[in-house]
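J.: Dropping a structure here in structure tokens format, bear with me for questions.
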Amino acid sequence: NTVTTISLKQKNNCRKQADAPAPQMSLRYFLNRPVLAAASAARIFVPAGFRRIRPRVPAGAALPDVAVPVRGLASKKHKAVLRQSKGFRGRANSCFTVAIRRLERSWQHSYRDRKTKKRNMRSLWIVRLNAAVRQHGMSYNDFVHRLGNGGGKKAKGAVEGCGVMLNRKVLSEIAAHEPFSFKGVVDVVKARTNWRQRGAAIPKGAQVAE
């Protein structure tokens with residue numbers, strides 16, 4: 001067994017620390033932890049080497065009514081920015097400096113994609129129409145040319161007199177959900193434009209049979 005020897009100087013230091021009075025708590029400690037400090041300042045002895053230990057409140061001790069300061073946001077603008085940046089990843093949903101940059105970039109993307117969405121939807125309608133009219137022996141180009149209204153608008157150089165005023169959106173919805181009704185529309189377009197395919201001129205004021 002090894003015997004640990006303690007010098008006289010170390011013994012004197014231990015006695016001084018044991019006999020030392022309770023240290024005075026700093027003003028910063030009271031401001032940071034007002035409730036715990038006020039409730040336990042007179043009840044807990046904090047040695048010199050353990051001043052950083054958080055004091056415990058004894059059981060049943062009455063806590064004084066001291067308002068704990070809470071860090072708030074700088075302005076209403078900060079609150080509005082963080083409210084709109086909910087769901088962003090990282091610090092962009094809690095830090096204003098990061099959130100405002102990410103939010104402005106999201107506004108730019110929204111402005112751009114509102115216009116891109118219209119182009120994408122028009123392309124989707126054309127793809128659906130092309131697939132639908134090919135089942136009836138026509139191509140999309142031929143179908144729209146016979147339709148004669150540019151898909152709802154009068155196109156330059158388009159054939160006139162078909163009378164089916166349905167745009168690409170409505171026609172694609174009919175083709176997807178009502179295939180028999182779409183077949184009827186295709187038959188009407190064919191019947192009203194067959195005279196043009198034969199090369200005959202329609203008499204002025206004559207009605208085309210459906």
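If you're wondering about the labels, chains in the structure tokens are A, B, ... by order shown, residues count from 1 in each chain, ligands from 1 in order shown.
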What are the closest atom pairs, with distances in Å to one decimal, for each residue of stretch 70-173 of chain A lying within 10 Å of stretch 181-192 of chain A, using only C-alpha atoms, rows by chain and rising residue number, as a tab-separated table?
T.:
```
residue	atom	partner	partner_atom	distance
A:Leu129	CA	A:Phe182	CA	10.0
A:Ala132	CA	A:Phe182	CA	8.4
A:Val133	CA	A:Val186	CA	7.5
A:Gln135	CA	A:Lys183	CA	9.3
A:His136	CA	A:Lys183	CA	7.5
A:Gly137	CA	A:Val186	CA	9.9
A:Met138	CA	A:Val186	CA	9.0
A:Phe143	CA	A:Val189	CA	7.9
A:Val144	CA	A:Val189	CA	9.6
A:Arg146	CA	A:Val189	CA	6.6
A:Leu147	CA	A:Val189	CA	6.4
A:Gly148	CA	A:Val189	CA	9.5
A:Gly161	CA	A:Arg192	CA	8.0
A:Cys162	CA	A:Arg192	CA	5.9
A:Gly163	CA	A:Val189	CA	8.6
A:Val164	CA	A:Val189	CA	7.5
A:Leu166	CA	A:Val185	CA	9.7
A:Leu171	CA	A:Phe182	CA	7.4
A:Ser172	CA	A:Phe182	CA	8.8
A:Glu173	CA	A:Phe182	CA	9.2
```
